[in-house]
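Novice: After the structure tokens below, expect a handful of questions from me.
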Amino acid sequence: MTAEAGTSPGARQVADSTGPEAVISVSGLVKRYGQVEAVRGIDFEVRRGETFGFLGPNGAGKSTTIKILCTLATATAGTAMVAGYNSATERDAVRQNIGLVFQDTTLDTYLTAEQNLRFHAELYGVPKAAVMPRMRQVMDMVGLWDRKDSLVSTYSGGMQRRLEIARGLLHAPRVLFLDEPTVGLDPQTRSGIWTYINDLKSREDITIFLTTHYMDEAEHCDRIAIIDHGRIVAIDTPEALKASIGKDRVQIQTQDNQAAIAELGSKFGLDAAVREGVVTFSVASGEQFVPRLFSEFSVPIQSVSVSRPSLDDVFMSYTGTTIRDAEGGAGNEFMRNMARMRGRR
Amino acid sequence: MATQTSEPAAVTGAGVVDRIRVSVPDRGLRHDLRAVSIVWRRELIRFRTDRLRAITALVQPFLFLFILGTGLSSLAGGSLPHSSTFDFKTFIYPGVLAMSVLFTAIFSAGSIVWDREFGFLREILVAPVSRGAIVIGKCLGGATIATFQGVIFLCLAWFAHVPYNPVLILSLIGMLLLLSFTLTAFGVMMAARIKQFQAFMALTQMLVMPLFFLSGALYPLTGLPAWLTVLTRLDPLTYVVGPMRHLVFSHLNVSPQIAAILNTRLAPSITWAGWAVPVWLSLGIVAVMGLVMMSVAIAEFSKTE
């Protein structure tokens with residue numbers, strides 16, 4: 001829609017091979033840490049103006065990939081081009097053209113919001129005359145302009161995240177990287193952050209690359225790549241991915257899950273498994289299957305739910321597990337947060 | 001391409017609001033200078049908003065000057081010429097002045113470790129700016145606030161019978177600035193490697209007192225045993241405390257005879273195996289040490305991501 005919106009000066013024009021201009025293109029990317037292969041050869045392109053999501057459980061290779069793209073890690077093999085520059089050999093050029101919002105806050109909480117942004121503007125060499133108006137623009141965008149003189153330490157978690165997004169945009173990058181932009185925030189704040197991110201697309205000519213392990217957040221993306229064990233297992237629009245499943249998900253609570261799974265297999269030829277505590281399986285049309293289930297099933301059923309395919313199902317069908325199971329249950333989130341607090345460096 | 005701000009301005013396309021054109025110039029000297037300046041300014045802002053730190057940093061030199069200085073006066077009286085007109089406080093004043101910048105300089109470098117623990121260092125290190133600019137800004141920032149701390153202490157000169165002579169005061173400020181810079185560079189160099197704030201604090205505590213004690217701040221560098229003589233000559237503080245004391249003594253209002261005794265017995269030149277090191281060389285050594293340590297720090301930060 002805004003083809004002439006103007007690439008940032010200083011950004012190299014990208015060779016146009018696949019229709020819309022690719023702002024990020026990655027080929028054969030591998031990253032090994034000693035014996036561990038965190039990323040095992042991935043290829044993808046992100047087109048200009050897209051919101052592109054990397055979806056996967058923790059440890060799937062999301063953060064490693066984003067680090068390589070952002071010049072914070074070097075790939076063992078393969079290349080990553082960002083905004084027309086090689087992220088391994090043209091670091092400063094890449095850095096100049098990207099905005100970063102990390103999982104953990106990187107604000108100076110002893111400074112005011114405005115001082116934080118000014119620091120950023122100076123480090124990124126934003127022209128002096130543009131600093132003030134641009135600062136106002138990005139802070140307005142996240143609704144923080146009237147709090148600009150407050151110390152960041154007085155900000156809530158959600159406000160800090162918004163301020164970081166504003167700061168990431170300050171130098172008008174071509175790509176904004178958001179690494180788990182809503183992790184650690186309460187649901188209401190999370191949805192608020194998404195309002196700002198979606199809003200951003202209507203105001204800025206920007207490509208957004210984000211990682212998340214929240215399924216519902218992946219829905220906000222134009223395209224998503226599902227990454228598991230260091231490989232991209234699927235890449236498409238959320239709609240197309242869901243359509244590719246073509247089946248509804250049925251979840252039943254029974255008195256004897258093992259017997260239920262066995263019977264589903266023998267009687268209906270269905271491949272069921274216990275997911276998140278309930279027997280789960282997929283059938284072509286769930287509503288029509290439920291009456292059959294009740295008339296023919298011998299294991300007592302306590303409750304039934306039928307749902308349209310969600311990204312959860314997509315994830316499950318491509319990786320054979322739900323994202324929550326892949327992360328080892330709810331306790332893991334807590335442990336992860338603890339580890340993060342301890343491991344800040 | 002320096003600073004092109006005149007892009008074909010507004011975008012008329014669907015709903016895209018005029019984005020303020022921010023074209024970021026290629027990296028150059030001016031960009032680096034802006035980075036140096038903002039890192040320096042942040043240091044000042046943090047210092048200004050943290051009054052408690054400024055006050056607590058003055059407590060220790062204050063104790064040394066007034067409690068230790070007064071207490072030891074009676075003991076030192078006999079060995080000092082004319083204890084009635086010459087106060088022991090005057091003798092230790094230059095050393096305590098050096099101490100007043102010591103803590104501030106090193107702890108300001110320690111904020112790097114703090115920033116690393118709380119994430120802000122990442123924001124600095126991912127910026128498209130040379131690591132050199134960041135380290136230089138940090139060293140200058142630490143030097144500035146430490147010197148400021150020293151200036152506060154200079155105001156107390158009267159209590160040590162040191163005259164407020166403009167030339168003396170300005171020369172002392174210059175020397176404090178040099179010392180602060182070198183000490184900050186030393187701290188930054190250590191902060192490049194140390195990942196935990198507690199570890200940094202422990203290490204500096206361990207190093208700061210020896211630096212102070214070996215500098216000759218509390219005793220004259222004459223007639224010391226050989227091992228101690230060698231150690232004092234290795235301490236960078238020695239090469240600032242010596243000239244500062246010399247300078248202070250040369251501005252005292254005392255009779256020529258006493259001045260002669262002061263300069264030979266209490267403020268002798270720093271010697272290397274009998275050879276008197278001139279003041280310019282003393283200060284030059286401190287400057288070179290600072291620059292070397294800063295270069296090491298730049299190299300360290302350029303290495304790590």
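Each chain in the structure tokens gets a letter, A, B and so on, in the order shown; residues start at 1 in every chain, and ligands are counted from 1 in the order they appear.
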In region 151-200 of chain A, what's alpha helix (DSSP H) per DSSP? Answer as a ChimeraX atom specification?
Specialist: /A:157-169,187-200
Novice: Within 6 Å of region 34-39 of chain B, counting only C-alpha atoms, which residues show up once you throw out same-chain ones fewer than 3 positions away? Write them as a VMD selection string, please.
Specialist: (chain A and resid 122 to 123) or (chain B and resid 31 42 133 to 134 137)
Novice: Let me see the file: selected residues, N, CA and C atoms, as a PDB file, in the first residue's frame.
Specialist:
ATOM      1  N   GLU A 122      20.837   9.779  20.531  1.00  0.00           N
ATOM      2  CA  GLU A 122      22.220  10.207  20.362  1.00  0.00           C
ATOM      3  C   GLU A 122      23.104   9.040  19.929  1.00  0.00           C
ATOM      4  N   LEU A 123      22.887   7.884  20.555  1.00  0.00           N
ATOM      5  CA  LEU A 123      23.710   6.724  20.194  1.00  0.00           C
ATOM      6  C   LEU A 123      23.479   6.300  18.750  1.00  0.00           C
TER       7      LEU A 123
ATOM      8  N   HIS B  31      29.283  11.326  14.729  1.00  0.00           N
ATOM      9  CA  HIS B  31      28.408  10.360  15.389  1.00  0.00           C
ATOM     10  C   HIS B  31      29.078   9.826  16.657  1.00  0.00           C
ATOM     11  N   ARG B  42      24.992  11.077  30.633  1.00  0.00           N
ATOM     12  CA  ARG B  42      24.212  10.160  31.468  1.00  0.00           C
ATOM     13  C   ARG B  42      24.878  10.007  32.833  1.00  0.00           C
ATOM     14  N   ALA B 133      34.008   4.814  21.524  1.00  0.00           N
ATOM     15  CA  ALA B 133      33.266   6.015  21.912  1.00  0.00           C
ATOM     16  C   ALA B 133      32.578   5.802  23.251  1.00  0.00           C
ATOM     17  N   ILE B 134      32.043   4.609  23.439  1.00  0.00           N
ATOM     18  CA  ILE B 134      31.317   4.331  24.681  1.00  0.00           C
ATOM     19  C   ILE B 134      32.273   4.315  25.872  1.00  0.00           C
ATOM     20  N   GLY B 137      33.535   7.819  26.620  1.00  0.00           N
ATOM     21  CA  GLY B 137      32.486   8.589  27.298  1.00  0.00           C
ATOM     22  C   GLY B 137      32.382   8.213  28.765  1.00  0.00           C
TER      23      GLY B 137
END
Novice: If DSSP is run on the backbone, what residues of region 82-325 of chain A are strand (DSSP E)? A reply as a PyMOL selection string would be ideal.
Specialist: chain A and resi 82+85-86+98-101+175-179+207-212+223-228+231-236+248-254+273-275+278-283+301-307
Novice: I want to know what sits within 12 Å of Pro163 (chain B), based on only C-alpha atoms, with residues of the same chain fewer than 4 positions away left out; could you give that as a ChimeraX atom specification?
Specialist: /B:90,93,154-159,167-169,247-254
Novice: Would you mind exporting N, CA, C and O atoms of the selected residues as a CSV table (one decimal), in the first residue's frame?
Specialist:
chain,number,residue,atom,x,y,z
B,90,THR,N,47.6,19.3,57.4
B,90,THR,CA,48.1,19.9,56.2
B,90,THR,C,48.9,18.8,55.4
B,90,THR,O,48.9,18.7,54.2
B,93,TYR,N,46.5,16.3,53.9
B,93,TYR,CA,45.4,16.8,53.0
B,93,TYR,C,45.5,16.4,51.5
B,93,TYR,O,44.6,15.9,51.0
B,154,LEU,N,37.9,20.2,48.1
B,154,LEU,CA,38.9,21.3,48.1
B,154,LEU,C,38.3,22.5,48.9
B,154,LEU,O,39.1,23.3,49.4
B,155,CYS,N,37.0,22.6,48.9
B,155,CYS,CA,36.4,23.7,49.7
B,155,CYS,C,36.8,23.6,51.2
B,155,CYS,O,36.8,24.6,51.9
B,156,LEU,N,37.2,22.4,51.6
B,156,LEU,CA,37.5,22.3,53.0
B,156,LEU,C,39.0,22.6,53.3
B,156,LEU,O,39.5,22.4,54.4
B,157,ALA,N,39.7,23.1,52.3
B,157,ALA,CA,41.2,23.3,52.4
B,157,ALA,C,41.5,24.2,53.6
B,157,ALA,O,42.5,23.9,54.3
B,158,TRP,N,40.7,25.1,53.9
B,158,TRP,CA,41.0,26.0,55.0
B,158,TRP,C,41.2,25.3,56.4
B,158,TRP,O,42.1,25.6,57.1
B,159,PHE,N,40.4,24.2,56.6
B,159,PHE,CA,40.5,23.4,57.8
B,159,PHE,C,41.9,22.8,57.9
B,159,PHE,O,42.3,22.4,59.0
B,167,VAL,N,45.9,29.8,41.7
B,167,VAL,CA,46.8,28.9,41.0
B,167,VAL,C,46.9,27.5,41.6
B,167,VAL,O,46.9,26.5,40.9
B,168,LEU,N,47.0,27.5,42.9
B,168,LEU,CA,47.1,26.2,43.6
B,168,LEU,C,45.9,25.4,43.4
B,168,LEU,O,45.9,24.2,43.0
B,169,ILE,N,44.7,26.1,43.6
B,169,ILE,CA,43.4,25.3,43.5
B,169,ILE,C,43.3,24.8,42.0
B,169,ILE,O,42.9,23.6,41.8
B,247,LEU,N,53.1,20.8,45.7
B,247,LEU,CA,52.4,22.0,45.3
B,247,LEU,C,51.8,22.7,46.5
B,247,LEU,O,52.0,23.9,46.7
B,248,VAL,N,51.2,21.9,47.3
B,248,VAL,CA,50.5,22.5,48.5
B,248,VAL,C,51.6,23.1,49.4
B,248,VAL,O,51.4,24.3,49.8
B,249,PHE,N,52.7,22.4,49.6
B,249,PHE,CA,53.7,22.9,50.5
B,249,PHE,C,54.3,24.2,50.0
B,249,PHE,O,54.7,25.1,50.7
B,250,SER,N,54.5,24.3,48.7
B,250,SER,CA,55.1,25.5,48.1
B,250,SER,C,54.2,26.7,48.2
B,250,SER,O,54.7,27.8,48.0
B,251,HIS,N,52.9,26.5,48.5
B,251,HIS,CA,52.0,27.6,48.7
B,251,HIS,C,51.7,28.0,50.2
B,251,HIS,O,50.9,28.8,50.5
B,252,LEU,N,52.4,27.3,51.1
B,252,LEU,CA,52.2,27.5,52.5
B,252,LEU,C,52.9,28.8,52.9
B,252,LEU,O,54.0,29.1,52.4
B,253,ASN,N,52.3,29.5,53.9
B,253,ASN,CA,52.9,30.7,54.4
B,253,ASN,C,53.8,30.4,55.5
B,253,ASN,O,53.4,30.5,56.7
B,254,VAL,N,55.0,29.8,55.2
B,254,VAL,CA,55.9,29.5,56.3
B,254,VAL,C,57.3,30.1,56.0
B,254,VAL,O,57.6,30.5,54.9
Novice: Compare A:Phe209, A:Gln288, A:Arg167, A:Met141 by their minimum atom-to-atom distance to Lys67 (chain A), counting only C-alpha atoms, and give me the closest one.
Specialist: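 Nearest to Lys67 (chain A): A:Phe209.
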Novice: Report as a ChimeraX atom specification all protein, DNA and RNA residues lying within 12 Å of Ile227 (chain A), evaluated on only C-alpha atoms, omitting residues in the same chain fewer than 6 positions from it.
Specialist: /A:38-44,53-65,211-213,233-235,314-316,318-319,323,326
Novice: From the options A:Phe119, A:Phe52, A:Phe297, A:Phe102, which residue's atoms come nearest to chain B, counting only C-alpha atoms?
Specialist: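 Ranking A:Phe119, A:Phe52, A:Phe297, A:Phe102 by distance to chain B, first place goes to A:Phe119.
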Novice: May I have the residues within 9 Å of Leu311 (chain A) as a list in words, using only C-alpha atoms and disregarding those fewer than 4 positions away in the same chain?
Specialist: Met215, Asp216, Ala218, Glu219, Pro238, Glu239, Leu241, Lys242, Phe315 and Met316 of chain A
